[in-house]
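Novice: My structure is below; once you've seen it, I'll send some questions.
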Amino acid sequence: MLDPAFPDLDALYDPPAERIQKAVLDHLIDFHRDYLGAATFFCLATGSSRGLDASPRGGPPGFVHVLDDRHVAFADWPGNNRIESMRNLAQDERAGMLFLFPGLDIFMRINGRARVRTTPELLDQLAEGGKRPKTAIVVAVDEVLFHCGKAINRAGLWKPDAQRDRRALPTPGQMLTAMNAAAGKQADPAEAAQLDAHYDHAVKHDLYG
């Protein structure tokens, strides 16, 4: 049911320019392949009856493989083992990919339908760091488009002075210790330091296992 208080968006916003509409394709062409070959990071959006999820994905340039003009694939590597994206895809194959390119004020988006695969040949193709993934995600492209980088410039994302001082915000160890304290466990600053050391090592060195 439409919310009666929902604003009339067509009255508030101009329609997209014709050149913008024509830039949305249902398949990859050469310059999409160029960007995918340089891509090192994207966010994956999925959903199901349980709700929505967005998770970060990263790797060396070209870690998202172009299988053909309508399909891309990437490996699933160990994270926090919630595997919500893949659980969502078991119910709803719709997926969105939003790529960021460090230093560039442009995004690339792929909207499509994704499936989890364990085909040995595909897993071999997606191996990284001497490791073979347990699963791969193959996305059938419905839409591919570039998106302007105004948000990047509003955020000052790539500016050196935009980098945060690690001491300015709570660390992962401090946050976990605080949550334990909220649950009735006595806070231990030494434990927070140990957790931070473990986290720092894991995110930099335990990338594939």
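In the structure tokens, chains take the letters A, B, ... in the order shown, each chain's residues start at 1, and ligands count up from 1 in the order shown.
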Using only C-alpha atoms, determine which residues lie at most 9 Å from range 170-183 of chain A, disregarding the query and same-chain residues fewer than 3 positions distant; provide the list as number ranges by chain.
Specialist: A: 166-167, 186-189, 191-199
Novice: Could you give me, as a PyMOL selection string, each residue of range 72-141 of chain A that DSSP assigns to alpha helix (DSSP H) when run on this structure's backbone?
Specialist: chain A and resi 84-91+120-125
Novice: Can I get the selection written as a JSON list (two decimals), in the first residue's frame, with C-alpha atoms?
Specialist:
```json
[["chain", "number", "residue", "atom", "x", "y", "z"],
["A", 84, "GLU", "CA", 24.19, -13.50, 4.90],
["A", 85, "SER", "CA", 24.65, -12.62, 1.24],
["A", 86, "MET", "CA", 24.69, -16.26, 0.17],
["A", 87, "ARG", "CA", 21.82, -17.16, 2.49],
["A", 88, "ASN", "CA", 19.83, -14.33, 0.91],
["A", 89, "LEU", "CA", 20.63, -15.56, -2.60],
["A", 90, "ALA", "CA", 19.16, -18.95, -1.71],
["A", 91, "GLN", "CA", 15.79, -17.14, -1.46],
["A", 120, "PRO", "CA", 35.63, -26.95, -9.59],
["A", 121, "GLU", "CA", 36.82, -25.30, -12.80],
["A", 122, "LEU", "CA", 35.35, -21.95, -11.74],
["A", 123, "LEU", "CA", 36.83, -22.19, -8.24],
["A", 124, "ASP", "CA", 40.23, -22.91, -9.78],
["A", 125, "GLN", "CA", 39.88, -19.83, -11.98]]
```
Novice: If you count only C-alpha atoms, which residues fall within 7 Å of Val116 in chain A, apart from same-chain ones fewer than 5 positions away, as an mmCIF file with N, CA and C atoms, in the first residue's frame?
Specialist:
```cif
data_model
loop_
_atom_site.group_PDB
_atom_site.id
_atom_site.type_symbol
_atom_site.label_atom_id
_atom_site.label_comp_id
_atom_site.auth_asym_id
_atom_site.auth_seq_id
_atom_site.Cartn_x
_atom_site.Cartn_y
_atom_site.Cartn_z
ATOM 1 N N MET A 86 24.995 -14.985 0.829
ATOM 2 C CA MET A 86 24.692 -16.259 0.174
ATOM 3 C C MET A 86 23.385 -16.850 0.684
ATOM 4 N N THR A 135 33.400 -21.361 -2.405
ATOM 5 C CA THR A 135 32.257 -21.048 -3.269
ATOM 6 C C THR A 135 32.587 -19.855 -4.154
ATOM 7 N N ALA A 136 31.795 -19.726 -5.205
ATOM 8 C CA ALA A 136 31.876 -18.567 -6.093
ATOM 9 C C ALA A 136 30.470 -18.028 -6.279
ATOM 10 N N ILE A 137 30.384 -16.747 -6.588
ATOM 11 C CA ILE A 137 29.105 -16.127 -6.910
ATOM 12 C C ILE A 137 29.168 -15.650 -8.351
ATOM 13 N N VAL A 138 28.229 -16.109 -9.149
ATOM 14 C CA VAL A 138 28.133 -15.720 -10.558
ATOM 15 C C VAL A 138 26.934 -14.792 -10.706
#
```
Novice: Interatomic distance between CA of Leu157 in chain A and CA of His201 in chain A?
Specialist: 25.0 Å
Novice: Apply DSSP to the structure's backbone, then extract all residues of range 28-189 of chain A labelled strand (DSSP E) and return them as number ranges by chain.
Specialist: A: 41-48, 51-58, 65-68, 71-76, 94-100, 106-117, 135-148
Novice: Find the residues around range 93-101 of chain A up to 10 Å (only C-alpha atoms counted), leave out those fewer than 6 positions away in its own chain, and share them as a VMD selection string.
Specialist: chain A and resid 35 to 36 38 to 48 54 to 58 85 to 86 107 to 116 139 to 147 149 152 158
